[in-house]
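Source file: entry-v1.pdb. Holds: PDB, C-alpha atoms and all ligand atoms.
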```
ATOM      1  CA  MET W   1       7.530 -35.485  58.723
ATOM      2  CA  ILE W   2       5.987 -32.310  60.087
ATOM      3  CA  TYR W   3       8.701 -30.384  58.237
ATOM      4  CA  ALA W   4       7.874 -32.106  54.944
ATOM      5  CA  LYS W   5       4.160 -31.367  55.396
ATOM      6  CA  SER W   6       4.667 -27.665  56.004
ATOM      7  CA  LEU W   7       7.040 -27.499  53.041
ATOM      8  CA  LEU W   8       4.335 -29.026  50.893
ATOM      9  CA  LEU W   9       1.837 -26.516  52.214
ATOM     10  CA  LEU W  10       4.281 -23.705  51.596
ATOM     11  CA  SER W  11       4.951 -24.736  48.011
ATOM     12  CA  ALA W  12       1.223 -25.076  47.405
ATOM     13  CA  THR W  13       0.727 -21.529  48.705
ATOM     14  CA  VAL W  14       3.565 -20.267  46.511
ATOM     15  CA  ALA W  15       2.025 -21.981  43.503
ATOM     16  CA  VAL W  16      -1.381 -20.375  44.145
ATOM     17  CA  VAL W  17       0.139 -16.915  44.637
ATOM     18  CA  ALA W  18       2.363 -17.303  41.559
ATOM     19  CA  GLY W  19      -0.665 -18.497  39.616
ATOM     20  CA  CYS W  20      -2.585 -15.374  40.560
ATOM     21  CA  ALA W  21       0.312 -13.174  39.555
ATOM     22  CA  THR W  22       0.623 -14.747  36.111
ATOM     23  CA  PHE W  23      -3.076 -15.091  35.258
ATOM     24  CA  PRO W  24      -5.306 -12.144  36.146
ATOM     25  CA  ASP W  25      -8.956 -13.095  36.478
ATOM     26  CA  ALA W  26     -11.180 -13.166  33.402
ATOM     27  CA  GLU W  27     -13.031  -9.950  34.236
ATOM     28  CA  SER W  28      -9.901  -7.782  34.590
ATOM     29  CA  THR W  29      -8.407  -9.354  31.453
ATOM     30  CA  ALA W  30     -11.563  -8.397  29.551
ATOM     31  CA  GLN W  31     -11.446  -4.862  30.976
ATOM     32  CA  ARG W  32      -7.778  -4.499  30.035
ATOM     33  CA  ALA W  33      -8.470  -5.742  26.495
ATOM     34  CA  GLU W  34     -11.340  -3.270  26.097
ATOM     35  CA  GLN W  35      -9.110  -0.436  27.351
ATOM     36  CA  MET W  36      -6.388  -1.393  24.843
ATOM     37  CA  VAL W  37      -8.881  -1.365  21.965
ATOM     38  CA  THR W  38     -10.218   2.056  23.028
ATOM     39  CA  GLU W  39      -6.727   3.508  23.394
ATOM     40  CA  ALA W  40      -5.759   2.192  19.972
ATOM     41  CA  HIS W  41      -8.416   4.431  18.368
ATOM     42  CA  THR W  42      -6.722   7.798  18.300
ATOM     43  CA  LEU W  43      -8.894   9.441  15.635
ATOM     44  CA  GLY W  44     -11.383  10.609  18.229
ATOM     45  CA  ALA W  45     -14.282   9.882  15.894
ATOM     46  CA  PRO W  46     -17.340   9.415  18.143
ATOM     47  CA  ALA W  47     -18.966   6.945  15.728
ATOM     48  CA  LEU W  48     -15.931   4.666  15.950
ATOM     49  CA  LEU W  49     -15.199   5.187  19.644
ATOM     50  CA  ARG W  50     -18.757   4.226  20.548
ATOM     51  CA  ARG W  51     -18.123   0.874  18.938
ATOM     52  CA  THR W  52     -15.114   0.100  21.126
ATOM     53  CA  THR W  53     -17.358  -0.177  24.200
ATOM     54  CA  GLN W  54     -19.329  -3.392  24.450
ATOM     55  CA  ASP W  55     -23.023  -3.202  25.220
ATOM     56  CA  GLU W  56     -24.623  -5.695  27.634
ATOM     57  CA  SER W  57     -25.562  -8.123  24.844
ATOM     58  CA  GLN W  58     -22.066  -8.132  23.333
ATOM     59  CA  ARG W  59     -20.639  -8.666  26.790
ATOM     60  CA  ALA W  60     -22.859 -11.712  27.289
ATOM     61  CA  CYS W  61     -21.970 -13.013  23.811
ATOM     62  CA  SER W  62     -18.245 -12.788  24.474
ATOM     63  CA  SER W  63     -18.218 -14.343  27.928
ATOM     64  CA  PRO W  64     -14.633 -15.374  28.628
ATOM     65  CA  GLY W  65     -13.283 -18.880  28.497
ATOM     66  CA  GLY W  66     -15.766 -20.084  25.864
ATOM     67  CA  ALA W  67     -18.511 -20.225  28.519
ATOM     68  CA  LYS W  68     -21.865 -21.281  27.078
ATOM     69  CA  LEU W  69     -24.567 -18.649  26.767
ATOM     70  CA  THR W  70     -27.202 -19.327  29.430
ATOM     71  CA  GLN W  71     -30.866 -19.543  28.448
ATOM     72  CA  GLU W  72     -31.530 -16.491  30.581
ATOM     73  CA  HIS W  73     -28.855 -14.411  28.799
ATOM     74  CA  SER W  74     -30.109 -15.617  25.460
ATOM     75  CA  ALA W  75     -33.683 -14.541  26.266
ATOM     76  CA  THR W  76     -32.469 -11.117  27.450
ATOM     77  CA  ILE W  77     -30.473 -10.592  24.243
ATOM     78  CA  VAL W  78     -33.498 -11.476  22.109
ATOM     79  CA  LYS W  79     -35.762  -9.168  24.125
ATOM     80  CA  THR W  80     -33.272  -6.265  24.003
ATOM     81  CA  ALA W  81     -32.924  -6.772  20.245
ATOM     82  CA  ARG W  82     -36.702  -6.885  19.718
ATOM     83  CA  ASP W  83     -37.164  -3.690  21.742
ATOM     84  CA  SER W  84     -34.551  -1.916  19.587
ATOM     85  CA  ILE W  85     -36.491  -2.319  16.339
ATOM     86  CA  LYS W  86     -37.898   0.881  14.820
ATOM     87  CA  TYR W  87     -39.903   1.141  11.605
ATOM     88  CA  PRO W  88     -39.924   3.717   8.807
ATOM     89  CA  ALA W  89     -42.050   6.789   9.569
ATOM     90  CA  SER W  90     -44.100   6.022   6.443
ATOM     91  CA  GLY W  91     -44.959   2.567   7.858
ATOM     92  CA  LYS W  92     -43.868   1.051   4.522
ATOM     93  CA  LEU W  93     -41.504  -1.878   5.082
ATOM     94  CA  THR W  94     -40.858  -2.439   1.372
ATOM     95  CA  GLY W  95     -39.137   0.290  -0.654
ATOM     96  CA  ASP W  96     -37.596   0.372  -4.111
ATOM     97  CA  TRP W  97     -35.647  -2.755  -5.084
ATOM     98  CA  LYS W  98     -33.373  -0.860  -7.485
ATOM     99  CA  THR W  99     -32.165   1.410  -4.678
ATOM    100  CA  GLY W 100     -31.770  -1.753  -2.578
ATOM    101  CA  ALA W 101     -29.601  -3.301  -5.303
ATOM    102  CA  GLN W 102     -27.183  -0.377  -5.048
ATOM    103  CA  LEU W 103     -27.100  -0.498  -1.252
ATOM    104  CA  VAL W 104     -26.294  -4.209  -0.928
ATOM    105  CA  ALA W 105     -23.137  -3.753  -2.997
ATOM    106  CA  ASP W 106     -22.103  -0.395  -1.553
ATOM    107  CA  GLY W 107     -19.369  -0.490   1.083
ATOM    108  CA  ARG W 108     -19.017   3.231   1.645
ATOM    109  CA  GLY W 109     -19.349   4.824   5.073
ATOM    110  CA  GLN W 110     -17.194   5.052   8.182
ATOM    111  CA  ARG W 111     -14.062   3.959   6.309
ATOM    112  CA  ILE W 112     -10.775   5.460   7.386
ATOM    113  CA  ILE W 113      -9.222   7.259   4.437
ATOM    114  CA  ASN W 114      -5.926   9.125   4.817
ATOM    115  CA  GLY W 115      -6.280   8.953   8.590
ATOM    116  CA  GLN W 116      -9.753  10.503   8.555
ATOM    117  CA  VAL W 117     -13.144   8.890   9.010
ATOM    118  CA  GLU W 118     -15.050   9.153   5.755
ATOM    119  CA  LYS W 119     -17.985  11.549   6.085
ATOM    120  CA  LEU W 120     -21.137  10.584   4.221
ATOM    121  CA  SER W 121     -24.764  11.417   4.850
ATOM    122  CA  ALA W 122     -25.697   7.723   4.517
ATOM    123  CA  ASN W 123     -23.744   4.458   4.663
ATOM    124  CA  GLY W 124     -23.791   1.598   2.195
ATOM    125  CA  ALA W 125     -24.879  -1.851   3.442
ATOM    126  CA  LEU W 126     -22.391  -4.188   1.736
ATOM    127  CA  CYS W 127     -24.522  -7.292   2.380
ATOM    128  CA  ILE W 128     -22.717  -9.091  -0.455
ATOM    129  CA  ASN W 129     -19.560  -9.129   1.618
ATOM    130  CA  CYS W 130     -21.258 -11.966   3.511
ATOM    131  CA  HIS W 131     -24.162 -13.165   1.327
ATOM    132  CA  LEU W 132     -24.571 -14.211  -2.274
ATOM    133  CA  MET W 133     -27.770 -12.451  -3.398
ATOM    134  CA  ASP W 134     -27.821 -12.055  -7.196
ATOM    135  CA  ALA W 135     -26.698 -15.432  -8.594
ATOM    136  CA  LYS W 136     -24.773 -13.564 -11.329
ATOM    137  CA  GLU W 137     -22.642 -11.676  -8.795
ATOM    138  CA  VAL W 138     -19.098 -13.099  -8.848
ATOM    139  CA  ASN W 139     -17.735 -11.069  -5.947
ATOM    140  CA  ALA W 140     -19.797 -12.296  -2.968
ATOM    141  CA  GLY W 141     -18.779 -13.620   0.442
ATOM    142  CA  ASN W 142     -20.061 -16.698   2.250
ATOM    143  CA  VAL W 143     -19.950 -15.777   5.940
ATOM    144  CA  GLY W 144     -23.762 -15.830   5.856
ATOM    145  CA  PRO W 145     -26.080 -18.180   3.915
ATOM    146  CA  ALA W 146     -26.729 -17.519   0.203
ATOM    147  CA  LEU W 147     -29.925 -15.501  -0.242
ATOM    148  CA  THR W 148     -30.444 -16.227  -3.944
ATOM    149  CA  GLY W 149     -34.112 -16.896  -4.665
ATOM    150  CA  TYR W 150     -35.085 -15.486  -1.218
ATOM    151  CA  GLY W 151     -38.364 -14.006  -2.474
ATOM    152  CA  THR W 152     -39.148 -17.014  -4.658
ATOM    153  CA  GLN W 153     -38.847 -19.225  -1.565
ATOM    154  CA  HIS W 154     -40.549 -17.011   1.012
ATOM    155  CA  GLY W 155     -42.935 -14.947  -1.129
ATOM    156  CA  ASP W 156     -43.502 -11.187  -0.861
ATOM    157  CA  SER W 157     -46.353 -11.050   1.664
ATOM    158  CA  GLU W 158     -46.615  -8.377   4.356
ATOM    159  CA  ALA W 159     -45.534 -10.965   6.959
ATOM    160  CA  VAL W 160     -42.396 -11.866   5.001
ATOM    161  CA  ALA W 161     -41.569  -8.184   4.509
ATOM    162  CA  ARG W 162     -41.881  -7.594   8.263
ATOM    163  CA  TYR W 163     -39.794 -10.639   9.193
ATOM    164  CA  THR W 164     -37.078  -9.679   6.676
ATOM    165  CA  TYR W 165     -37.086  -6.046   7.801
ATOM    166  CA  GLU W 166     -36.702  -7.016  11.460
ATOM    167  CA  ARG W 167     -34.021  -9.581  10.677
ATOM    168  CA  ILE W 168     -31.925  -6.921   8.927
ATOM    169  CA  TYR W 169     -32.675  -4.269  11.553
ATOM    170  CA  ASN W 170     -31.458  -6.471  14.384
ATOM    171  CA  ALA W 171     -30.387 -10.033  13.582
ATOM    172  CA  TRP W 172     -30.008 -10.795  17.292
ATOM    173  CA  ALA W 173     -33.782 -10.670  17.731
ATOM    174  CA  PHE W 174     -33.753 -14.039  15.928
ATOM    175  CA  MET W 175     -30.272 -15.442  16.439
ATOM    176  CA  PRO W 176     -28.561 -14.111  19.573
ATOM    177  CA  CYS W 177     -24.827 -13.450  19.134
ATOM    178  CA  SER W 178     -24.870 -14.261  15.403
ATOM    179  CA  ASN W 179     -22.154 -12.847  13.152
ATOM    180  CA  MET W 180     -24.677 -10.741  11.288
ATOM    181  CA  PRO W 181     -24.218  -7.073  12.313
ATOM    182  CA  ARG W 182     -27.195  -5.348  13.965
ATOM    183  CA  LEU W 183     -27.398  -2.882  11.103
ATOM    184  CA  GLY W 184     -30.481  -0.859  12.041
ATOM    185  CA  ALA W 185     -30.067  -0.966  15.809
ATOM    186  CA  SER W 186     -26.500   0.334  15.551
ATOM    187  CA  GLY W 187     -27.697   3.269  13.456
ATOM    188  CA  PHE W 188     -25.559   2.113  10.542
ATOM    189  CA  LEU W 189     -28.541   1.869   8.184
ATOM    190  CA  THR W 190     -31.708   3.963   8.300
ATOM    191  CA  PRO W 191     -35.170   2.328   8.401
ATOM    192  CA  GLU W 192     -35.807   3.627   4.837
ATOM    193  CA  GLN W 193     -32.580   2.046   3.550
ATOM    194  CA  ILE W 194     -33.568  -1.266   5.135
ATOM    195  CA  ALA W 195     -36.985  -1.089   3.436
ATOM    196  CA  HIS W 196     -35.227  -0.709   0.041
ATOM    197  CA  ILE W 197     -33.104  -3.777   0.828
ATOM    198  CA  VAL W 198     -36.223  -5.752   1.838
ATOM    199  CA  ALA W 199     -37.672  -4.938  -1.608
ATOM    200  CA  TYR W 200     -34.456  -6.113  -3.257
ATOM    201  CA  LEU W 201     -34.764  -9.470  -1.453
ATOM    202  CA  ILE W 202     -38.474 -10.142  -1.976
ATOM    203  CA  ASP W 203     -39.574  -8.322  -5.166
ATOM    204  CA  PRO W 204     -40.252 -10.848  -7.958
ATOM    205  CA  GLN W 205     -38.556  -8.435 -10.435
ATOM    206  CA  SER W 206     -35.317  -8.288  -8.402
ATOM    207  CA  PRO W 207     -32.280 -10.193  -9.773
ATOM    208  CA  VAL W 208     -32.270 -12.105  -6.450
ATOM    209  CA  ASN W 209     -35.405 -13.912  -7.668
ATOM    210  CA  LYS W 210     -34.508 -14.367 -11.344
TER     211      LYS W 210
HETATM  212  C1  LIG W 301     -20.572  -9.824   8.545
HETATM  213  C2  LIG W 301     -21.384 -10.679   7.719
HETATM  214  C3  LIG W 301     -22.795 -10.290   7.408
HETATM  215  C4  LIG W 301     -23.253  -9.125   6.818
HETATM  216  C5  LIG W 301     -22.465  -7.877   6.449
HETATM  217  C6  LIG W 301     -24.658  -9.331   6.607
HETATM  218  N1  LIG W 301     -25.049 -10.565   7.061
HETATM  219 FE1  LIG W 301     -26.898 -11.373   6.931
HETATM  220  N2  LIG W 301     -26.287 -13.025   7.956
HETATM  221  C7  LIG W 301     -24.989 -13.270   8.336
HETATM  222  C8  LIG W 301     -24.940 -14.525   9.042
HETATM  223  C9  LIG W 301     -23.693 -15.161   9.646
HETATM  224  C10 LIG W 301     -26.251 -15.038   9.055
HETATM  225  C11 LIG W 301     -26.716 -16.355   9.704
HETATM  226  C12 LIG W 301     -26.947 -16.119  11.172
HETATM  227  C13 LIG W 301     -28.181 -15.319  11.422
HETATM  228  O1  LIG W 301     -29.245 -15.727  10.940
HETATM  229  O2  LIG W 301     -28.085 -14.272  12.079
HETATM  230  C14 LIG W 301     -27.071 -14.056   8.359
HETATM  231  C15 LIG W 301     -28.445 -14.202   8.154
HETATM  232  C16 LIG W 301     -29.184 -13.381   7.326
HETATM  233  C17 LIG W 301     -30.581 -13.605   6.962
HETATM  234  C18 LIG W 301     -31.426 -14.779   7.379
HETATM  235  C19 LIG W 301     -31.261 -15.854   6.339
HETATM  236  C20 LIG W 301     -32.232 -16.985   6.483
HETATM  237  O3  LIG W 301     -32.134 -17.908   5.655
HETATM  238  O4  LIG W 301     -33.071 -16.955   7.372
HETATM  239  C21 LIG W 301     -30.948 -12.567   6.136
HETATM  240  C22 LIG W 301     -32.293 -12.357   5.482
HETATM  241  C23 LIG W 301     -29.799 -11.700   6.005
HETATM  242  N3  LIG W 301     -28.744 -12.216   6.739
HETATM  243  C24 LIG W 301     -29.780 -10.546   5.255
HETATM  244  C25 LIG W 301     -28.719  -9.641   5.218
HETATM  245  C26 LIG W 301     -28.765  -8.366   4.542
HETATM  246  C27 LIG W 301     -29.937  -7.860   3.736
HETATM  247  C28 LIG W 301     -27.565  -7.742   4.787
HETATM  248  C29 LIG W 301     -27.133  -6.345   4.383
HETATM  249  C30 LIG W 301     -28.025  -5.289   4.801
HETATM  250  C31 LIG W 301     -26.762  -8.659   5.582
HETATM  251  N4  LIG W 301     -27.503  -9.793   5.836
HETATM  252  C32 LIG W 301     -25.484  -8.394   6.014
HETATM  253  C33 LIG W 301     -23.899 -12.461   8.107
HETATM  254  C34 LIG W 301     -23.934 -11.180   7.554
END
```

Show me this structure written as structure tokens.
Ligand code: HEC
Amino acid sequence: MIYAKSLLLLSATVAVVAGCATFPDAESTAQRAEQMVTEAHTLGAPALLRRTTQDESQRACSSPGGAKLTQEHSATIVKTARDSIKYPASGKLTGDWKTGAQLVADGRGQRIINGQVEKLSANGALCINCHLMDAKEVNAGNVGPALTGYGTQHGDSEAVARYTYERIYNAWAFMPCSNMPRLGASGFLTPEQIAHIVAYLIDPQSPVNK
């Protein structure tokens, strides 16, 4: 009887040890994964390498094992996102909608071409990869909600311009961990480019509102 009990204890211990050997804990798995991603980028381009390291908010958003985001984390992400928002030096949050129209369909910038990172003075925004904006556009994605008639629905007041600007600058200030990239905060788009895109969304003359 005593023999059977200690055997049981022994096998339980073996199982626990074996379990540990097969499944490293979540934190070291995450670290290993991050290391693999970093090592896979051999181009040495600082702009790309920076993006292989998660910031605190991304870390909280990708907590292992499908763990729910706590209210505290969520509030921190929103606050960090809010604090990141910078405005154009001119103070004008609405630019030229025609320039905006070009930007929303432009996917150039930071692409890898012939093993080299494309060098451009400014990136395109490629919003239409995820959003339908101009109802006549046939080549639009649906990862994000359709934004057709955005200005017709919301108007083109100063408050709407500010909200739209901030939403594009850092979507996580409104929707923590959303799939919308933090385009201004990451330095991908400049404040002036974002102002042109705001105009494209809210100007009554823009095809978005026709
Ligand atoms: C990778 C896909 C993706 C890209 C690229 C993207 N978005 Fe989004 N966007 C989303 C998703 C998903 C949402 C919904 C979640 C949220 O609100 O953050 C969203 C939400 C929005 C909203 C809020 C919509 C509403 O009804 O309140 C606006 C405005 C917006 N995006 C504008 C833009 C603009 C402008 C660009 C380009 C500069 C852009 N997005 C690029 C995925 C994307």

- Message: I need the residue nearest Ile197 (chain W) from this list: W:Val104, W:Leu183, W:Ala75, W:Val160. Use all atoms listed in the file for the distance.
- Response: W:Val104

- Kindly provide, as a PyMOL selection string, all nucleotide and amino acid residues lying within 8 Å of ligand LIG 301 (chain W), counting all atoms listed in the file. chain W and resi 103-104+125-131+143-147+150+164+167-168+171-172+174-181+183+189+194+197-198+201

- Selected residue, from W:Pro88, W:Pro204, W:Gly95, W:Gly100, that lies nearest to Gly155 (chain W) when counting all atoms listed in the file: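 Ranking W:Pro88, W:Pro204, W:Gly95, W:Gly100 by distance to Gly155 (chain W), first place goes to W:Pro204.
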
- Rank nothing, just name the residue among W:Met36, W:Ala122, W:Ala67, W:Ile113 nearest to Glu192 (chain W), using all atoms listed in the file.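 For Glu192 (chain W), the nearest of the candidates is W:Ala122.
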
- In terms of the shortest atom-to-atom distance over all atoms listed in the file, which of W:Lys136, W:Lys119, W:Arg162, W:Arg108 is closest to Ala195 (chain W)? W:Arg162

- Task: Point out the residue among W:Leu120, W:Ala199, W:Ala159, W:Val37 with the least atom-to-atom distance to Trp97 (chain W), counting all atoms listed in the file.
- Result: W:Ala199

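Checking W:Ser121, W:Ser186, W:Gln193, W:Thr29 one by one against Asp55 (chain W), counting all atoms listed in the file, you find the shortest gap at W:Ser186.
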
- Query: Please, what distance in Å, to one decimal, runs between CA of Tyr169 (chain W) and CA of Thr94 (chain W)?
  - Reply: 13.2 Å

- Query: What gap, in Å, lies between CA of Ser206 (chain W) and CA of Asn170 (chain W)?
  - Reply: 23.2 Å
